[in-house]
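J.: Structure incoming, see below.
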Amino acid sequence: MTEIYQPAEDSYFFSEFLEKYLSKNKINSYLDMGTGSTILSETASKFLNKKNIFSTDINPTAVKLAKKKGFNAIKSNLFENIEGKFDLITFNAPYLPKDIREPKSSQLATTGGKRGDEISLKFLRQAKRHLNKNGKVFLLVSSLTPLDKINKFKYKIIARKKIFMEELLILELR
Ligand SMILES: C[S@@+](CC[C@H](N)C(=O)[O-])C[C@H]1O[C@@H](n2cnc3c(N)ncnc32)[C@H](O)[C@@H]1O
């Protein structure tokens, strides 16, 4: 069984950012890509009815947990099984370059591919089709993620936080 990513500094940073954002901006539908422990769905549920929150993950254990907590839970490899459009899509992506020392059980949550940007890039290519007019994407990456290819997308950095050895960045794309 693949373990669920336990909330860490990146999760708390994203959750605090999302809470501030949703307290000032009204949205009607939200997709929590890579929901993991459901931390971001739970934050969103302070502002939105759970029926308008869609929590998805490639990890069936995370999907089971999200279902148990009353979210619309969908098992999906990125947008493969996702239909429809949303006002907001977030992804605290697995952003680290592959490290052979990383145990297989946690790789799914932390490793973004050989370079570290592969999953984020796939996500960005697919996300646009799932945004409502004026919809937004928030993607969390790190200074350890190569940004040269991500830079081809039009984004702005809307939040950043230095943690041990790296800086976390939340990118906003429309
Ligand atoms: C860094 S964890 C973030 C979990 C949670 N959102 C948080 O902030 O604590 C990344 C999550 O993305 C999921 N994930 C990895 N690859 C995915 C993919 N291709 N499609 C959907 N989810 C994926 C992992 O299973 C994991 O739950």
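Letters for chains follow the order of the structure tokens (A, B, ...), residue numbers begin at 1 for each chain, and ligand numbers begin at 1 in the order shown.
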Show me which residues are within 7 Å of ligand 1 counting only C-alpha atoms and all ligand atoms, and format the list as a tab-separated table (two decimals) with N, CA and C atoms, in the first residue's frame.

T.:
```tsv
chain	number	residue	atom	x	y	z
A	4	ILE	N	0.25	7.63	2.54
A	4	ILE	CA	-0.28	8.97	2.26
A	4	ILE	C	0.75	9.99	2.74
A	5	TYR	N	0.98	11.01	1.93
A	5	TYR	CA	1.94	12.06	2.30
A	5	TYR	C	1.44	12.79	3.55
A	6	GLN	N	2.23	12.76	4.58
A	6	GLN	CA	1.84	13.43	5.82
A	6	GLN	C	2.16	14.92	5.71
A	7	PRO	N	1.22	15.79	6.10
A	7	PRO	CA	1.45	17.22	5.94
A	7	PRO	C	2.80	17.65	6.50
A	8	ALA	N	3.52	18.41	5.69
A	8	ALA	CA	4.84	18.89	6.07
A	8	ALA	C	4.85	20.40	5.84
A	10	ASP	N	5.65	22.26	3.40
A	10	ASP	CA	5.05	22.70	2.13
A	10	ASP	C	3.52	22.70	2.24
A	11	SER	N	2.97	21.66	2.88
A	11	SER	CA	1.51	21.56	3.02
A	11	SER	C	0.96	22.71	3.87
A	14	PHE	N	1.14	26.02	2.01
A	14	PHE	CA	0.10	26.10	0.97
A	14	PHE	C	-1.27	26.30	1.62
A	33	MET	N	-5.80	18.82	-6.61
A	33	MET	CA	-5.02	17.78	-7.29
A	33	MET	C	-3.96	17.24	-6.31
A	34	GLY	N	-3.84	15.92	-6.23
A	34	GLY	CA	-2.84	15.32	-5.32
A	34	GLY	C	-3.20	15.62	-3.88
A	35	THR	N	-4.43	15.27	-3.51
A	35	THR	CA	-4.96	15.69	-2.21
A	35	THR	C	-4.20	15.12	-1.01
A	36	GLY	N	-3.62	13.94	-1.13
A	36	GLY	CA	-2.85	13.35	-0.02
A	36	GLY	C	-3.70	13.19	1.24
A	37	SER	N	-3.30	13.87	2.30
A	37	SER	CA	-4.03	13.78	3.58
A	37	SER	C	-5.34	14.57	3.55
A	38	THR	N	-5.62	15.26	2.47
A	38	THR	CA	-6.79	16.15	2.24
A	38	THR	C	-6.62	17.51	2.92
A	39	ILE	N	-5.42	17.85	3.33
A	39	ILE	CA	-5.24	19.10	4.08
A	39	ILE	C	-5.79	20.32	3.33
A	40	LEU	N	-5.58	20.39	2.02
A	40	LEU	CA	-6.03	21.58	1.28
A	40	LEU	C	-7.55	21.55	1.06
A	56	THR	N	-8.60	14.79	-5.65
A	56	THR	CA	-8.14	13.70	-6.50
A	56	THR	C	-6.69	13.33	-6.19
A	57	ASP	N	-6.37	12.08	-6.42
A	57	ASP	CA	-5.00	11.61	-6.20
A	57	ASP	C	-4.80	10.33	-7.01
A	58	ILE	N	-3.57	10.07	-7.36
A	58	ILE	CA	-3.24	8.82	-8.05
A	58	ILE	C	-3.15	7.68	-7.03
A	59	ASN	N	-3.01	8.04	-5.77
A	59	ASN	CA	-2.84	7.06	-4.70
A	59	ASN	C	-4.22	6.64	-4.15
A	62	ALA	N	-5.18	7.54	-0.53
A	62	ALA	CA	-5.55	8.94	-0.30
A	62	ALA	C	-7.00	9.18	-0.75
A	76	SER	N	-7.25	9.46	-9.93
A	76	SER	CA	-6.88	9.89	-11.27
A	76	SER	C	-5.39	10.19	-11.37
A	77	ASN	N	-4.83	9.80	-12.51
A	77	ASN	CA	-3.47	10.22	-12.84
A	77	ASN	C	-3.60	11.60	-13.47
A	78	LEU	N	-3.24	12.62	-12.74
A	78	LEU	CA	-3.52	14.01	-13.14
A	78	LEU	C	-4.98	14.13	-13.59
A	91	PHE	N	-2.22	22.40	-6.79
A	91	PHE	CA	-1.41	21.18	-6.78
A	91	PHE	C	-0.12	21.46	-6.01
A	92	ASN	N	0.02	20.79	-4.88
A	92	ASN	CA	1.31	20.74	-4.18
A	92	ASN	C	2.02	19.54	-4.79
A	93	ALA	N	2.71	19.81	-5.87
A	93	ALA	CA	3.20	18.73	-6.73
A	93	ALA	C	4.41	18.00	-6.13
A	94	PRO	N	4.57	16.74	-6.52
A	94	PRO	CA	5.86	16.10	-6.20
A	94	PRO	C	6.90	16.82	-7.06
A	108	LEU	N	6.15	8.50	-4.80
A	108	LEU	CA	4.99	9.00	-5.53
A	108	LEU	C	4.62	10.41	-5.07
A	109	ALA	N	4.83	10.68	-3.80
A	109	ALA	CA	4.43	11.98	-3.25
A	109	ALA	C	5.51	13.04	-3.39
A	110	THR	N	6.76	12.62	-3.58
A	110	THR	CA	7.83	13.62	-3.52
A	110	THR	C	8.61	13.78	-4.83
A	119	ILE	N	6.18	16.05	-13.61
A	119	ILE	CA	4.75	15.97	-13.24
A	119	ILE	C	4.14	17.37	-13.28
```

J.: If DSSP is run on the backbone, what residues of range 7-97 of chain A are helix (DSSP H, G or I)? A reply as an NGL selection string would be ideal.

T.: :A and (9-24 or 39-44 or 50-52 or 60-68)

J.: Among range 7-168 of chain A, which residues carry a DSSP assignment of strand (DSSP E or B), reported as a PyMOL selection string?

T.: chain A and resi 30-33+53-57+72-75+86-92+96-97+111-113+131-142+156-163+166-168

J.: With a distance cut-off of 12 Å and only C-alpha atoms, select the neighbouring residues of Lys114 in chain A, excluding the residue or stretch itself and same-chain residues fewer than 6 positions from it, and output the selection as a list in words.

T.: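 Neighbouring residues, sequence-local ones excluded: Pro94, Tyr95, Leu96, Pro97, Lys98, Asp99, Ile100, Gln107, Thr145 and Pro146 of chain A.
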
J.: What is the distance, in Å and to one decimal place, between CA of Ile150 in chain A and CA of Glu118 in chain A?

T.: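 Taking CA of Ile150 in chain A and CA of Glu118 in chain A, their separation equals 9.5 Å.
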
J.: Taking 6 positions as the minimum chain separation for residues in the same chain, which residues sit within 10 Å of Leu22 in chain A when counting only C-alpha atoms? Answer as a ChimeraX atom specification.

T.: /A:43-44,46-48

J.: May I have the residues from that selection written out with N, CA and C atoms, as a tab-separated table (two decimals), in the first residue's frame?

T.:
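Result file is out21.tsv:
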```tsv
chain	number	residue	atom	x	y	z
A	43	THR	N	-9.04	22.81	4.24
A	43	THR	CA	-8.95	24.27	4.32
A	43	THR	C	-10.05	24.90	3.46
A	44	ALA	N	-10.21	24.38	2.24
A	44	ALA	CA	-11.22	24.94	1.34
A	44	ALA	C	-12.63	24.74	1.91
A	46	LYS	N	-13.71	25.28	4.70
A	46	LYS	CA	-14.12	26.37	5.59
A	46	LYS	C	-14.88	27.44	4.80
A	47	PHE	N	-14.72	27.42	3.48
A	47	PHE	CA	-15.29	28.47	2.64
A	47	PHE	C	-16.30	27.96	1.61
A	48	LEU	N	-16.16	26.68	1.24
A	48	LEU	CA	-17.02	26.12	0.18
A	48	LEU	C	-17.74	24.89	0.71
```

J.: Please provide as a PyMOL selection string all residues within 12 Å of Leu124 in chain A, with the sequence filter that same-chain residues fewer than 3 positions apart are discarded (counting only C-alpha atoms).

T.: chain A and resi 33+78-79+89-91+93+117-121+127-131+136-140+149-155+171-174

J.: Residues within 12 Å of Phe164 in chain A, please, as a PyMOL selection string. Count only C-alpha atoms; anything in the same chain fewer than 4 positions from it doesn't count.

T.: chain A and resi 9-10+142-144+168

J.: Using only C-alpha atoms, determine which residues lie at most 6 Å from Asp87 in chain A, disregarding the query and same-chain residues fewer than 2 positions distant; provide the list as a list in words.

T.: Ile27, Ser29, Asn132 and Gly135 of chain A

J.: If you measure from CA of Leu18 in chain A to CA of Ile158 in chain A, what distance in Å do you get, rounded to one decimal?

T.: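 Atom-to-atom, CA of Leu18 in chain A and CA of Ile158 in chain A are spaced 11.2 Å apart.
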